[in-house]
file protein-v4.cif (mmCIF, C-alpha atoms)
data_model
#
loop_
_atom_site.label_atom_id
_atom_site.label_comp_id
_atom_site.auth_asym_id
_atom_site.auth_seq_id
_atom_site.Cartn_x
_atom_site.Cartn_y
_atom_site.Cartn_z
CA MET B 179 121.47 72.53 88.51
CA ALA B 180 123.78 74.82 90.46
CA THR B 181 127.49 74.17 90.87
CA ARG B 182 128.16 75.95 94.14
CA SER B 183 131.52 77.34 95.20
CA ARG B 184 133.23 79.20 98.02
CA ILE B 185 135.46 82.16 97.13
CA ALA B 186 137.92 83.36 99.74
CA ILE B 187 140.82 85.67 100.47
CA GLU B 188 143.68 85.07 102.87
CA ASN B 189 144.06 88.10 105.12
CA GLN B 190 147.42 89.51 106.23
CA ASP B 191 147.13 87.81 109.65
CA GLY B 192 146.61 84.41 107.96
CA SER B 193 142.87 84.25 108.65
CA VAL B 194 140.49 83.79 105.72
CA THR B 195 137.27 85.55 104.74
CA SER B 196 135.01 83.71 102.32
CA ILE B 197 131.73 84.02 100.49
CA TYR B 198 129.35 81.55 98.90
CA CYS B 199 128.56 81.58 95.16
CA HIS B 200 125.54 79.66 93.93
CA TRP B 201 126.03 79.32 90.16
CA ASP B 202 128.81 78.07 87.84
CA GLY B 203 131.51 77.18 90.38
CA GLN B 204 133.50 75.03 87.96
CA ILE B 205 137.07 75.92 87.06
CA TYR B 206 136.14 76.55 83.41
CA SER B 207 133.56 79.11 84.55
CA ASN B 208 134.14 80.86 87.91
CA GLY B 209 137.77 79.74 87.97
CA VAL B 210 138.47 81.47 84.67
CA ILE B 211 136.56 84.59 85.74
CA LEU B 212 138.46 84.81 89.04
CA ASN B 213 141.85 84.18 87.44
CA ASN B 214 141.37 86.67 84.61
CA ASN B 215 139.37 89.45 86.31
CA TYR B 216 139.94 89.28 90.06
CA ASN B 217 143.71 88.97 90.14
CA THR B 218 144.69 91.71 92.60
CA LYS B 219 144.13 92.01 96.33
CA ASP B 220 141.96 95.12 95.87
CA LYS B 221 139.69 93.45 93.31
CA VAL B 222 139.28 90.31 95.42
CA GLU B 223 138.57 92.36 98.57
CA GLU B 224 135.89 94.28 96.66
CA LEU B 225 134.34 91.00 95.51
CA ILE B 226 134.42 89.46 99.00
CA GLY B 227 132.92 92.69 100.33
CA LEU B 228 129.73 91.94 98.40
CA GLY B 229 129.00 88.90 100.57
CA SER B 230 127.34 85.81 99.16
CA LEU B 231 126.71 85.73 95.43
CA SER B 232 124.07 84.34 93.18
CA SER B 233 126.41 84.54 90.19
CA LEU B 234 129.92 85.79 89.47
CA ASP B 235 130.66 87.89 86.42
CA GLU B 236 133.71 89.59 84.92
CA THR B 237 132.92 92.88 86.69
CA ILE B 238 131.59 93.76 90.13
CA ASP B 239 128.69 95.64 88.53
CA ARG B 240 127.49 92.58 86.59
CA THR B 241 128.05 90.16 89.50
CA VAL B 242 124.77 89.37 91.28
CA ALA B 243 125.13 89.67 95.06
CA HIS B 244 122.47 88.53 97.54
CA HIS B 245 122.95 91.57 99.83
CA ARG B 246 123.46 94.38 97.32
CA ASP B 247 121.01 93.20 94.66
CA ASN B 248 118.38 91.26 96.61
CA GLY B 249 118.33 93.00 99.99
CA GLU B 250 119.40 89.88 101.89
CA ASP B 251 121.77 89.85 104.87
CA LEU B 252 125.47 90.41 104.20
CA VAL B 253 127.06 86.98 104.66
CA GLN B 254 130.79 86.33 104.86
CA ASN B 255 132.25 83.21 106.45
CA PRO B 256 135.52 83.35 108.40
CA PHE B 257 138.11 80.59 108.72
CA SER B 258 141.19 80.49 110.94
CA ASN B 259 143.55 79.84 108.04
CA VAL B 260 143.80 78.49 104.49
CA GLU B 261 144.16 74.90 105.68
CA GLU B 262 140.89 75.10 107.65
CA LEU B 263 139.17 76.63 104.61
CA PHE B 264 140.14 73.68 102.43
CA ILE B 265 139.31 71.11 105.10
CA THR B 266 135.94 72.45 106.26
CA GLY B 267 134.95 75.01 103.60
CA TYR B 268 132.70 72.61 101.70
CA GLY B 269 129.74 73.43 103.95
CA SER B 270 126.58 74.68 102.22
CA GLY B 271 127.08 71.95 99.65
CA VAL B 272 129.81 73.74 97.72
CA GLU B 273 131.72 71.69 95.19
CA TYR B 274 134.69 74.02 94.58
CA VAL B 275 136.71 76.19 96.95
CA TYR B 276 138.86 79.07 95.67
CA CYS B 277 141.29 81.09 97.79
CA PHE B 278 143.33 84.15 96.81
CA THR B 279 146.47 83.97 98.95
CA LYS B 280 148.59 86.73 100.49
CA ASP B 281 151.08 85.91 97.70
CA GLY B 282 148.52 86.80 95.03
CA ILE B 283 147.91 83.23 93.85
CA TRP B 284 144.54 81.56 93.36
CA LEU B 285 144.31 78.10 94.94
CA VAL B 286 141.46 75.76 94.04
CA SER B 287 140.18 72.37 95.07
CA ASP B 288 136.99 70.45 94.41
CA ILE B 289 135.11 68.28 96.84
CA ASP B 290 136.28 65.08 95.12
CA SER B 291 139.99 65.97 95.26
CA ASN B 292 142.47 65.06 97.92
CA HIS B 293 144.76 67.90 96.85
CA ILE B 294 144.84 71.63 96.25
CA ALA B 295 146.01 73.04 92.93
CA ILE B 296 147.28 76.45 91.96
CA LEU B 297 144.83 78.02 89.56
CA LYS B 298 146.79 79.63 86.77
CA ILE B 299 144.90 79.61 83.53
CA GLY B 300 146.85 80.52 80.44
CA ARG B 301 145.48 82.71 77.74
CA ALA B 302 145.33 81.54 74.16
CA HIS B 303 147.70 83.27 71.78
CA VAL B 304 146.40 84.02 68.31
#
call {"tool": "encode", "arguments": {"input": "protein-v4.cif", "output": "structure tokens"}}
result
Amino acid sequence: MATRSRIAIENQDGSVTSIYCHWDGQIYSNGVILNNNYNTKDKVEELIGLGSLSSLDETIDRTVAHHRDNGEDLVQNPFSNVEELFITGYGSGVEYVYCFTKDGIWLVSDIDSNHIAILKIGRAHV
């Protein structure tokens, strides 16, 4: 069963551009991938530029995008601001919403939460 998510970026004017991701939306999966591999504005913009995703991977090349890889329409969903994203961004049955802010911080919330958390996953030290 899919765990769907919405991945977004806050633009300089405060608006938000988002995409849908069908598989592995949980924090321990897509959350970790976003936090560890898409942690700059340029990388997140490149990811959002792909449009809706089937699955997210550690690199753009291995990420499966509906438009680029399957010839489907390029789909990106706009929101007026981050607050609107987290209030209404659960359309399409998504269970997790991620947003990369203008400050370079990943925010995350799931459909069952009444709050938004900062996604900052530490790395294990050996």
call {"tool": "residues_around", "arguments": {"input": "protein-v4.cif", "residues": "Ser183 of chain B", "least_positions_apart": "6", "cutoff": "12 Å", "atoms": "only C-alpha atoms", "output": "NGL selection string"}}
result
:B and (196-205 or 207-209 or 212 or 230-234 or 264 or 267-277 or 286-289)
call {"tool": "resolve_selection", "arguments": {"input": "protein-v4.cif", "expression": "the PyMOL selection byres ((chain B and resi 226) around 10)", "output": "PyMOL selection string"}}
result
chain B and resi 185-187+195-198+220-225+227-231+253-255
call {"tool": "axis_aligned_box", "arguments": {"input": "protein-v4.cif", "around": "segment 234-238 of chain B", "padding_each_side": "5 Å", "output": "AutoDock Vina command-line options"}}
result
--center_x 131.8 --center_y 89.8 --center_z 87.5 --size_x 13.8 --size_y 18.0 --size_z 15.2
call {"tool": "atom_distance", "arguments": {"input": "protein-v4.cif", "atom1": "atom CA of Leu285 of chain B", "atom2": "atom CA of Asp239 of chain B"}}
result
24.3 Å
call {"tool": "atom_distance", "arguments": {"input": "protein-v4.cif", "atom1": "atom CA of Glu262 of chain B", "atom2": "atom CA of Ser193 of chain B"}}
result
9.4 Å
call {"tool": "atom_distance", "arguments": {"input": "protein-v4.cif", "atom1": "atom CA of Val260 of chain B", "atom2": "atom CA of Gly282 of chain B"}}
result
13.4 Å
call {"tool": "closest_residue", "arguments": {"input": "protein-v4.cif", "among": "B:Thr266, B:Trp284, B:Asp290, B:Ala243", "to": "Asn214 of chain B", "atoms": "all atoms listed in the file"}}
result
B:Trp284
call {"tool": "closest_residue", "arguments": {"input": "protein-v4.cif", "among": "B:Glu261, B:Asp281, B:Asp247, B:Glu236", "to": "Gln190 of chain B", "atoms": "only C-alpha atoms"}}
result
B:Asp281
call {"tool": "closest_residue", "arguments": {"input": "protein-v4.cif", "among": "B:Asp235, B:Asn259, B:Arg240, B:Asn215", "to": "Thr279 of chain B", "atoms": "only C-alpha atoms"}}
result
B:Asn259
call {"tool": "build_atoms", "arguments": {"input": "protein-v4.cif", "residues": "segment 187-198 of chain B", "atoms": "all heavy atoms", "output": "PDB file, in the coordinates of the input"}}
result
ATOM      1  N   ILE B 187     139.565  84.939 100.498  1.00  0.00           N
ATOM      2  CA  ILE B 187     140.820  85.670 100.470  1.00  0.00           C
ATOM      3  C   ILE B 187     141.545  85.426 101.787  1.00  0.00           C
ATOM      4  O   ILE B 187     140.922  85.415 102.853  1.00  0.00           O
ATOM      5  CB  ILE B 187     140.622  87.182 100.214  1.00  0.00           C
ATOM      6  CG1 ILE B 187     141.966  87.879  99.994  1.00  0.00           C
ATOM      7  CG2 ILE B 187     139.807  87.824 101.325  1.00  0.00           C
ATOM      8  CD1 ILE B 187     141.858  89.296  99.436  1.00  0.00           C
ATOM      9  N   GLU B 188     142.847  85.203 101.682  1.00  0.00           N
ATOM     10  CA  GLU B 188     143.680  85.070 102.870  1.00  0.00           C
ATOM     11  C   GLU B 188     144.070  86.469 103.330  1.00  0.00           C
ATOM     12  O   GLU B 188     144.641  87.248 102.567  1.00  0.00           O
ATOM     13  CB  GLU B 188     144.931  84.254 102.556  1.00  0.00           C
ATOM     14  CG  GLU B 188     145.838  84.054 103.742  1.00  0.00           C
ATOM     15  CD  GLU B 188     147.112  83.304 103.404  1.00  0.00           C
ATOM     16  OE1 GLU B 188     147.511  83.289 102.203  1.00  0.00           O
ATOM     17  OE2 GLU B 188     147.731  82.761 104.328  1.00  0.00           O
ATOM     18  N   ASN B 189     143.740  86.788 104.561  1.00  0.00           N
ATOM     19  CA  ASN B 189     144.060  88.100 105.120  1.00  0.00           C
ATOM     20  C   ASN B 189     145.511  88.140 105.590  1.00  0.00           C
ATOM     21  O   ASN B 189     146.169  87.105 105.706  1.00  0.00           O
ATOM     22  CB  ASN B 189     143.112  88.393 106.289  1.00  0.00           C
ATOM     23  CG  ASN B 189     141.662  88.334 105.851  1.00  0.00           C
ATOM     24  OD1 ASN B 189     141.266  88.976 104.892  1.00  0.00           O
ATOM     25  ND2 ASN B 189     140.868  87.529 106.545  1.00  0.00           N
ATOM     26  N   GLN B 190     146.014  89.340 105.841  1.00  0.00           N
ATOM     27  CA  GLN B 190     147.420  89.510 106.230  1.00  0.00           C
ATOM     28  C   GLN B 190     147.788  88.737 107.485  1.00  0.00           C
ATOM     29  O   GLN B 190     148.916  88.285 107.632  1.00  0.00           O
ATOM     30  CB  GLN B 190     147.761  90.992 106.390  1.00  0.00           C
ATOM     31  CG  GLN B 190     147.864  91.743 105.071  1.00  0.00           C
ATOM     32  CD  GLN B 190     148.873  91.125 104.121  1.00  0.00           C
ATOM     33  OE1 GLN B 190     149.979  90.786 104.496  1.00  0.00           O
ATOM     34  NE2 GLN B 190     148.478  90.959 102.867  1.00  0.00           N
ATOM     35  N   ASP B 191     146.839  88.547 108.409  1.00  0.00           N
ATOM     36  CA  ASP B 191     147.130  87.810 109.650  1.00  0.00           C
ATOM     37  C   ASP B 191     146.999  86.300 109.473  1.00  0.00           C
ATOM     38  O   ASP B 191     147.128  85.547 110.432  1.00  0.00           O
ATOM     39  CB  ASP B 191     146.233  88.295 110.789  1.00  0.00           C
ATOM     40  CG  ASP B 191     144.754  87.996 110.568  1.00  0.00           C
ATOM     41  OD1 ASP B 191     144.374  87.425 109.511  1.00  0.00           O
ATOM     42  OD2 ASP B 191     143.953  88.341 111.457  1.00  0.00           O
ATOM     43  N   GLY B 192     146.725  85.837 108.247  1.00  0.00           N
ATOM     44  CA  GLY B 192     146.610  84.410 107.960  1.00  0.00           C
ATOM     45  C   GLY B 192     145.188  83.885 108.054  1.00  0.00           C
ATOM     46  O   GLY B 192     144.916  82.766 107.614  1.00  0.00           O
ATOM     47  N   SER B 193     144.272  84.667 108.624  1.00  0.00           N
ATOM     48  CA  SER B 193     142.870  84.250 108.650  1.00  0.00           C
ATOM     49  C   SER B 193     142.300  84.363 107.232  1.00  0.00           C
ATOM     50  O   SER B 193     142.925  84.932 106.334  1.00  0.00           O
ATOM     51  CB  SER B 193     142.078  85.112 109.622  1.00  0.00           C
ATOM     52  OG  SER B 193     141.994  86.442 109.154  1.00  0.00           O
ATOM     53  N   VAL B 194     141.112  83.818 107.049  1.00  0.00           N
ATOM     54  CA  VAL B 194     140.490  83.790 105.720  1.00  0.00           C
ATOM     55  C   VAL B 194     139.056  84.297 105.835  1.00  0.00           C
ATOM     56  O   VAL B 194     138.344  83.966 106.776  1.00  0.00           O
ATOM     57  CB  VAL B 194     140.500  82.345 105.161  1.00  0.00           C
ATOM     58  CG1 VAL B 194     139.696  82.238 103.874  1.00  0.00           C
ATOM     59  CG2 VAL B 194     141.925  81.863 104.941  1.00  0.00           C
ATOM     60  N   THR B 195     138.647  85.099 104.855  1.00  0.00           N
ATOM     61  CA  THR B 195     137.270  85.550 104.740  1.00  0.00           C
ATOM     62  C   THR B 195     136.721  84.985 103.435  1.00  0.00           C
ATOM     63  O   THR B 195     137.362  85.119 102.387  1.00  0.00           O
ATOM     64  CB  THR B 195     137.182  87.089 104.728  1.00  0.00           C
ATOM     65  OG1 THR B 195     137.845  87.599 105.890  1.00  0.00           O
ATOM     66  CG2 THR B 195     135.733  87.546 104.721  1.00  0.00           C
ATOM     67  N   SER B 196     135.550  84.355 103.513  1.00  0.00           N
ATOM     68  CA  SER B 196     135.010  83.710 102.320  1.00  0.00           C
ATOM     69  C   SER B 196     133.552  84.065 102.096  1.00  0.00           C
ATOM     70  O   SER B 196     132.856  84.519 103.012  1.00  0.00           O
ATOM     71  CB  SER B 196     135.150  82.189 102.440  1.00  0.00           C
ATOM     72  OG  SER B 196     134.207  81.666 103.351  1.00  0.00           O
ATOM     73  N   ILE B 197     133.124  83.836 100.867  1.00  0.00           N
ATOM     74  CA  ILE B 197     131.730  84.020 100.490  1.00  0.00           C
ATOM     75  C   ILE B 197     131.279  82.801  99.690  1.00  0.00           C
ATOM     76  O   ILE B 197     132.081  82.071  99.121  1.00  0.00           O
ATOM     77  CB  ILE B 197     131.510  85.311  99.673  1.00  0.00           C
ATOM     78  CG1 ILE B 197     132.357  85.323  98.400  1.00  0.00           C
ATOM     79  CG2 ILE B 197     131.777  86.547 100.529  1.00  0.00           C
ATOM     80  CD1 ILE B 197     132.089  86.493  97.451  1.00  0.00           C
ATOM     81  N   TYR B 198     129.984  82.615  99.650  1.00  0.00           N
ATOM     82  CA  TYR B 198     129.350  81.550  98.900  1.00  0.00           C
ATOM     83  C   TYR B 198     128.953  82.075  97.531  1.00  0.00           C
ATOM     84  O   TYR B 198     128.537  83.226  97.398  1.00  0.00           O
ATOM     85  CB  TYR B 198     128.107  81.096  99.682  1.00  0.00           C
ATOM     86  CG  TYR B 198     127.145  80.213  98.943  1.00  0.00           C
ATOM     87  CD1 TYR B 198     127.362  78.839  98.866  1.00  0.00           C
ATOM     88  CD2 TYR B 198     126.004  80.734  98.350  1.00  0.00           C
ATOM     89  CE1 TYR B 198     126.456  78.015  98.213  1.00  0.00           C
ATOM     90  CE2 TYR B 198     125.096  79.917  97.693  1.00  0.00           C
ATOM     91  CZ  TYR B 198     125.326  78.560  97.631  1.00  0.00           C
ATOM     92  OH  TYR B 198     124.443  77.747  96.978  1.00  0.00           O
TER      93      TYR B 198
END
